[in-house]
Every structure is written in C-alpha cells, then in structure tokens.
Amino acid sequence: MTNIKYEPVIGLEVHVQLKTKTKAFCGCANEFGSKENTNICPVCLGLPGSLPVLNAQVLVGAARVALALDCTIRHFIKFDRKNYFYPDLPKNFQISQFDMPLSENGHLDIKVDGISPKRIRIKRVHLEEDAGKLMHPEGSISSLVDFNRAGTPLLEIVTEPDIYSPEEAYAYLSDLKLMLQYLDISDCDMEKGSLRCDANISIRPAGETKLGTKAELKNMNSFKAVKAALEYEIKRQAQSLDAGERIVQETRLWDEKKEVTLPMRSKEEAHDYRYFPEPDLPPFTFTDADIEGMRNSLPELPQQRLRRFVENFGLGEKDAAVLIADKELADFFEACVEIYNEPKKISNWISGPVLFNMNSRNSSFGALRLTPGHLTDLICLVEDGTVSNLVGKDILAQMLAAGSAPKDIVREKNLAQVSGADELNEIIEEVIAANKKSVDDYACGKENALMFLVGQVMKRSGGKANPKVARSLLAERLKRT
Ligand SMILES: [Zn+2]
C-alpha cells in the first residue's frame, strides 16, 4: 500500500483497437501507418446520405473478449450516438453503446507479483468507433488532421473500482493484455495506440467504505506510466486532504517529462453527450446458440494454459508462469516437448539462457531465429556430455547470431568436450607443474586446492574439459604425488 493513512480506490478503462481487416462501419482498410487520409470514405467521414453497415468480424471479436472475461452477453445489441464536437471527429458524433452495452458483469482473476490471485470485476465491455488523429507540426501555427483512424473498431473494457494499488493496476493491465494476445484480437501495442488506458482514482481514509471524489487520469502511454501516474495522484490527493482542501472531480493529463498530472477540464457528465439511439443502424440479436458457439470456439486462455503446463508437464507454477507470459514462447516450448519429451529441462533452458539472450538483445522471441529442432539438439548435446553446460550456453549465443545448427557449430569450432584420459592427463601434468603451491596445499589436507586445480584444467582446455572426469583424474594423480 502506497499510503497507510489513505486507501486508494482505482477503476480502469481500457480501449482496445481490434485488428480487423476493415473499419467498424465501412469497407475502408483498418491499418496503422498508411499515408494520411487514404483509408477514408463517405461513411467514416460522415458525409450526408452515407449509411453505416456493421462489420460482423467486429461484433464477433468483441463478443469473444467479453466471453473470455466471463461477462454476460446481451442478446439485443443496439448502438447509440455520443455527440460532441472535436476537430478529429468528422461526424460530430461517435457511434458507441450507452445504456445497453454488449456485455456486463464479468471478471478477470489477476496475479499480483505473479503469485497472490485477486478477482477484478468487469463492469462492462462495449463497442465503439475511434476518432481520427490531430497532428500539431512543430513550428507551424496550424494543426492537421488524419481521418484514417476515424471509424476503426474500439472495445472499451471498464472495471469496477476493485483495484487498490498501482501494483494491482499494473498486474491487471498485464494480465488483460496477455489474454487479448491469446485471443489474437489486437496488436496491443501501447506505442501505436492500439491499447490505451484511462484511470479513475480516488482516495479515502483507511477503513472508510464511502468512495472519495475521483479524478480521471489520461495520456499514459505505457503500463509503467499508468503506475507512475497513479502513484503521483495518490500523493497529490493525500496532500490536498491533509491541507483541508476539497478534491475536485476533473480530468487530469499525465505529463511524462515532468512526471506530474495536470488538470485538463472538469469532467463531463453523461448528459453532456446527449446520447440517443443510432437511427442509421438497426438493432442486432444474438441467439443462445450464437453465444454458445462463440464460447465453445474460444482458444485456451493464459491461466488455463498455466494449469495444463503444471499438471501435464510437471512444471512449477513459477516456471509455467514465465512460459505462458509470452504466447510465442509457450508455443515454442510445446513444440520442443513434442520433439524431446523432457519438459523440465526444456523449460529450464528457455527461462534461463534463451530469455537471457532475448533480454540482452532486447529482442522479441520471434526475432531470435531459434527453431525447436535446434534447441532440443543443443540440449541433447549437453545431456549426453558432448559439450559442457557452459559451452552449451555459448553455442546457443552463436546459434542465435548465425541461425545455424548446434552440431555444425560444435564441429566447425571443435567445441566437443574432452573426456579422454590421454588428452586430459596431458593438461593435468601441465597444471601440476605450474601450481606447486596448490599441490602442496592439497597434500596438507586443503580440499579447496583441488577445486582450484580443476578450474585451472578447465581454463587450459578452453572450457572443453569434462569437469567430472577431470576432477577424478586429478584426484587420482595427486594421490600418487
Ligand atoms: Zn470508410
């Protein structure tokens, strides 16, 4: 808890851009990064006489997310107009859902710190369309508008105020994003704006049950920024209350550079938007069979996969959590197990050396050029003693750089472990000759000296000596001294 005297109460609103081929109500391409104002038509520009047509892919995608969040899906679907004027909104209204959202009353069970589970209730999941984008070129006195994004499908996922710390907010966002990735519904890229999060936060004296006055925080561009903005806001509100001031209900923007929230405007009420049913779109209906069909077609979700990894493969919960946290990584793990049925060994290699290489290269798993065949071949080379564990890790790094097979690297660079007595004894004689003091120490009963000498053998062999064989040969040789 950030503050003992006060308890923060947080609700999150997440906007998810659905990665459909076309926009929500017209046939324009739903693409990020196209030339400005090329994916536009009379419908998404709101020209007179044009009529919206709902994209079925959007409705089904949204319903799948709602079902994965265990929400109740409404059978009767209607859309409403949310009226407001803003230069990036060509129609002067947004098609949204007001009093009858697509779905309500779900939940997401999150893991705070990856361990303690907590249930966050989902208030509603509804569909709407996105607005365009304003650009303010530096040094110019005018602003520009790009309508490519206008009319692209957005899903709004709203929680109940069940989140009590910035850490819980972070865990919720991470777990929600992972679930959306498993559903393959969105790029979930906060930098491109395909995942956006607003936060409502109020604080109240510890033990109080009534909610305090909330502020809405916007403009956070990463999960870390959400956490930082919440931490700042908790302090700011606590200082205001301590000074005997009243908290004003308002929207505040997170300033990433200054690391503060700044007031933007006093919060609008729903009636400011003059909602009314969208007259150009007929209501839609879902039958029970539609909903059951969609529910049955849901893929395996992250928490289900975690359970399966623990139960079927005997992995520890922490190890399984590392794998499922990246869908590509979890798929790769399963492909490896199909080739080489040693789940624990594979899991150790993936969550150890493979992740280490991913992090040190700051790359995604897909960019590593690692195939299940190559990794399992490498593990087998280590297991059968052809190469040491240490050299195995080295080979992995070379495999990733060149995309080549581990056996080729071992052959080309002559990396196979030396276990032969002839070769090792030669090195051992050199080490004994060069380290008289350690040899004497060992003779006097200093066991540590043996480890030092084994280390010297390893060093002289360029890391290729089999440490177990080297140790026993060395011990035998020293007995004879
Ligand atoms: Zn269009």
# chains A, B, ... in the order shown; residues from 1 in each chain; ligands from 1
>>> residues_near_ligand(ligand="ligand 1", cutoff="10 Å", atoms="only C-alpha atoms and all ligand atoms", output="list in words")
Thr22, Lys23, Ala24, Phe25, Cys26, Gly27, Cys28, Ala29, Asn30, Thr38, Asn39, Ile40, Cys41, Pro42, Val43, Cys44, Leu45, Gly46, Pro52, Phe147, Asn148, Arg149, Ala150, Gly151 and Thr152 of chain A
>>> select_by_dssp(residues="stretch 122-340 of chain A", states="alpha helix (DSSP H)", output="VMD selection string")
chain A and resid 166 to 183 223 to 242 288 to 296 302 to 313 317 to 324 327 to 339
>>> select_by_dssp(residues="stretch 83-322 of chain A", states="strand (DSSP E)", output="PyMOL selection string")
chain A and resi 83+93-96+103-112+116-129+133-135+144-146+153-159+195-205+215-220+250-255+260-266+276-277+284-285
>>> closest_residue(among="A:Ile291, A:Arg480, A:Asp113, A:Leu211", to="A:Ala66", atoms="only C-alpha atoms")
A:Ile291
>>> residues_around(residues="stretch 428-430 of chain A", least_positions_apart="6", cutoff="10 Å", atoms="only C-alpha atoms", output="list in words")
Ala421, Asp422, Leu453, Val454, Gln456, Val457, Met458, Arg460, Ser461, Ala470, Arg471, Leu473, Leu474, Arg477 and Leu478 of chain A
>>> write_last_selection(atoms="C-alpha atoms", output="mmCIF file, in the first residue's frame")
data_model
loop_
_atom_site.group_PDB
_atom_site.id
_atom_site.type_symbol
_atom_site.label_atom_id
_atom_site.label_comp_id
_atom_site.auth_asym_id
_atom_site.auth_seq_id
_atom_site.Cartn_x
_atom_site.Cartn_y
_atom_site.Cartn_z
ATOM 1 C CA ALA A 421 42.080 -39.661 -20.225
ATOM 2 C CA ASP A 422 45.085 -39.265 -22.536
ATOM 3 C CA LEU A 453 43.303 -27.091 -9.814
ATOM 4 C CA VAL A 454 40.192 -28.391 -11.620
ATOM 5 C CA GLN A 456 42.986 -24.481 -13.979
ATOM 6 C CA VAL A 457 42.415 -27.618 -16.069
ATOM 7 C CA MET A 458 39.150 -26.154 -17.366
ATOM 8 C CA ARG A 460 43.789 -24.599 -20.039
ATOM 9 C CA SER A 461 41.353 -26.731 -22.058
ATOM 10 C CA ALA A 470 38.961 -34.004 -14.940
ATOM 11 C CA ARG A 471 38.260 -33.923 -11.221
ATOM 12 C CA LEU A 473 41.663 -37.978 -12.852
ATOM 13 C CA LEU A 474 43.277 -35.110 -10.976
ATOM 14 C CA ARG A 477 47.016 -38.265 -9.915
ATOM 15 C CA LEU A 478 47.532 -36.208 -6.727
#
>>> residues_around(residues="A:Lys257", least_positions_apart="2", cutoff="12 Å", atoms="only C-alpha atoms", output="list in words")
Met220, Ala225, Ala228, Ala229, Leu253, Trp254, Asp255, Glu259, Val260 and Thr261 of chain A
>>> atom_distance(atom1="atom CA of A:Cys71", atom2="atom CA of A:Glu167")
24.4 Å
>>> atom_distance(atom1="atom CA of A:Asp319", atom2="atom CA of A:Cys336")
15.6 Å
>>> residues_around(residues="A:Val58", least_positions_apart="2", cutoff="10 Å", atoms="only C-alpha atoms", output="list in words")
Leu18, Lys19, Thr20, Lys21, Thr22, Lys23, Ala24, Phe25, Leu54, Asn55, Ala56, Val60, Gly61, Ala62, Ala63, Arg64, Leu127, Glu128, Thr152, Pro153, Leu154, Leu155 and Ile185 of chain A
>>> residues_around(residues="A:Pro166", least_positions_apart="3", cutoff="7 Å", atoms="only C-alpha atoms", output="ChimeraX atom specification")
/A:169-170,227,230-231
>>> write_last_selection(atoms="all heavy atoms", output="PDB file, in the first residue's frame")
ATOM      1  N   ALA A 169      -3.006  -2.335 -10.400  1.00  0.00           N
ATOM      2  CA  ALA A 169      -3.386  -1.790 -11.711  1.00  0.00           C
ATOM      3  C   ALA A 169      -2.447  -2.337 -12.779  1.00  0.00           C
ATOM      4  O   ALA A 169      -2.877  -2.754 -13.861  1.00  0.00           O
ATOM      5  CB  ALA A 169      -3.331  -0.258 -11.684  1.00  0.00           C
ATOM      6  N   TYR A 170      -1.173  -2.383 -12.459  1.00  0.00           N
ATOM      7  CA  TYR A 170      -0.167  -2.880 -13.396  1.00  0.00           C
ATOM      8  C   TYR A 170      -0.408  -4.364 -13.705  1.00  0.00           C
ATOM      9  O   TYR A 170      -0.375  -4.798 -14.859  1.00  0.00           O
ATOM     10  CB  TYR A 170       1.228  -2.668 -12.790  1.00  0.00           C
ATOM     11  CG  TYR A 170       2.357  -2.924 -13.752  1.00  0.00           C
ATOM     12  CD1 TYR A 170       2.895  -1.879 -14.505  1.00  0.00           C
ATOM     13  CD2 TYR A 170       2.882  -4.197 -13.912  1.00  0.00           C
ATOM     14  CE1 TYR A 170       3.930  -2.098 -15.395  1.00  0.00           C
ATOM     15  CE2 TYR A 170       3.913  -4.433 -14.808  1.00  0.00           C
ATOM     16  CZ  TYR A 170       4.440  -3.379 -15.543  1.00  0.00           C
ATOM     17  OH  TYR A 170       5.450  -3.617 -16.426  1.00  0.00           O
ATOM     18  N   LYS A 227       1.208   3.279 -13.807  1.00  0.00           N
ATOM     19  CA  LYS A 227       1.595   3.061 -12.419  1.00  0.00           C
ATOM     20  C   LYS A 227       2.160   4.354 -11.812  1.00  0.00           C
ATOM     21  O   LYS A 227       1.784   4.746 -10.706  1.00  0.00           O
ATOM     22  CB  LYS A 227       2.648   1.939 -12.378  1.00  0.00           C
ATOM     23  CG  LYS A 227       2.935   1.386 -11.030  1.00  0.00           C
ATOM     24  CD  LYS A 227       3.622   0.016 -11.146  1.00  0.00           C
ATOM     25  CE  LYS A 227       4.239  -0.372  -9.822  1.00  0.00           C
ATOM     26  NZ  LYS A 227       5.685  -0.139  -9.767  1.00  0.00           N
ATOM     27  N   LEU A 230      -0.574   6.973 -11.211  1.00  0.00           N
ATOM     28  CA  LEU A 230      -1.398   6.630 -10.047  1.00  0.00           C
ATOM     29  C   LEU A 230      -0.635   6.940  -8.752  1.00  0.00           C
ATOM     30  O   LEU A 230      -1.202   7.492  -7.805  1.00  0.00           O
ATOM     31  CB  LEU A 230      -1.790   5.149 -10.090  1.00  0.00           C
ATOM     32  CG  LEU A 230      -2.848   4.772 -11.138  1.00  0.00           C
ATOM     33  CD1 LEU A 230      -2.967   3.261 -11.270  1.00  0.00           C
ATOM     34  CD2 LEU A 230      -4.217   5.380 -10.781  1.00  0.00           C
ATOM     35  N   GLU A 231       0.649   6.590  -8.739  1.00  0.00           N
ATOM     36  CA  GLU A 231       1.448   6.869  -7.534  1.00  0.00           C
ATOM     37  C   GLU A 231       1.500   8.363  -7.250  1.00  0.00           C
ATOM     38  O   GLU A 231       1.347   8.809  -6.120  1.00  0.00           O
ATOM     39  CB  GLU A 231       2.877   6.321  -7.713  1.00  0.00           C
ATOM     40  CG  GLU A 231       2.943   4.839  -7.400  1.00  0.00           C
ATOM     41  CD  GLU A 231       4.189   4.153  -7.961  1.00  0.00           C
ATOM     42  OE1 GLU A 231       5.038   4.845  -8.570  1.00  0.00           O
ATOM     43  OE2 GLU A 231       4.279   2.911  -7.794  1.00  0.00           O
TER      44      GLU A 231
END
>>> residues_around(residues="A:Leu108", least_positions_apart="3", cutoff="10 Å", atoms="only C-alpha atoms", output="short mmCIF file (atom, residue, chain, number, x, y, z; two decimals) with N, CA and C atoms, in the first residue's frame")
data_model
loop_
_atom_site.label_atom_id
_atom_site.label_comp_id
_atom_site.auth_asym_id
_atom_site.auth_seq_id
_atom_site.Cartn_x
_atom_site.Cartn_y
_atom_site.Cartn_z
N ALA A 68 -14.46 -14.28 -22.82
CA ALA A 68 -13.22 -14.66 -22.14
C ALA A 68 -13.14 -13.99 -20.76
N LEU A 69 -13.82 -12.84 -20.63
CA LEU A 69 -13.85 -12.14 -19.33
C LEU A 69 -15.06 -12.59 -18.50
N ASP A 70 -15.71 -13.65 -18.94
CA ASP A 70 -16.86 -14.22 -18.23
C ASP A 70 -18.01 -13.24 -18.08
N CYS A 71 -18.16 -12.34 -19.05
CA CYS A 71 -19.26 -11.38 -19.00
C CYS A 71 -20.55 -12.03 -19.52
N LYS A 111 -2.91 -11.90 -11.12
CA LYS A 111 -1.91 -12.36 -10.16
C LYS A 111 -1.02 -11.18 -9.83
N LYS A 118 -6.18 -12.32 -7.34
CA LYS A 118 -7.22 -11.39 -6.91
C LYS A 118 -8.22 -11.22 -8.05
N ARG A 119 -9.50 -11.18 -7.71
CA ARG A 119 -10.53 -11.04 -8.73
C ARG A 119 -10.89 -9.57 -8.94
N ILE A 120 -10.78 -9.10 -10.18
CA ILE A 120 -11.19 -7.75 -10.53
C ILE A 120 -12.48 -7.88 -11.34
N ARG A 121 -13.54 -7.26 -10.84
CA ARG A 121 -14.82 -7.36 -11.56
C ARG A 121 -14.82 -6.44 -12.78
N ILE A 122 -15.39 -6.93 -13.86
CA ILE A 122 -15.53 -6.13 -15.08
C ILE A 122 -16.96 -5.62 -15.12
N THR A 159 -13.54 -1.61 -15.59
CA THR A 159 -13.58 -2.41 -14.35
C THR A 159 -14.46 -1.72 -13.31
N TYR A 172 -3.23 -6.01 -13.44
CA TYR A 172 -4.46 -6.15 -14.22
C TYR A 172 -4.19 -5.90 -15.69
N ASP A 175 -2.14 -8.75 -17.29
CA ASP A 175 -2.91 -9.98 -17.49
C ASP A 175 -3.99 -9.80 -18.56
N LEU A 176 -4.58 -8.59 -18.61
CA LEU A 176 -5.60 -8.34 -19.64
C LEU A 176 -4.94 -8.36 -21.03
N MET A 179 -4.26 -11.84 -22.12
CA MET A 179 -5.48 -12.53 -22.55
C MET A 179 -5.88 -12.08 -23.97
#
>>> atom_distance(atom1="atom CA of A:Phe276", atom2="atom CA of A:Pro101")
13.5 Å
>>> closest_residue(among="A:Lys5, A:Lys464, A:Lys459, A:Lys218", to="A:Arg204", atoms="only C-alpha atoms")
A:Lys5
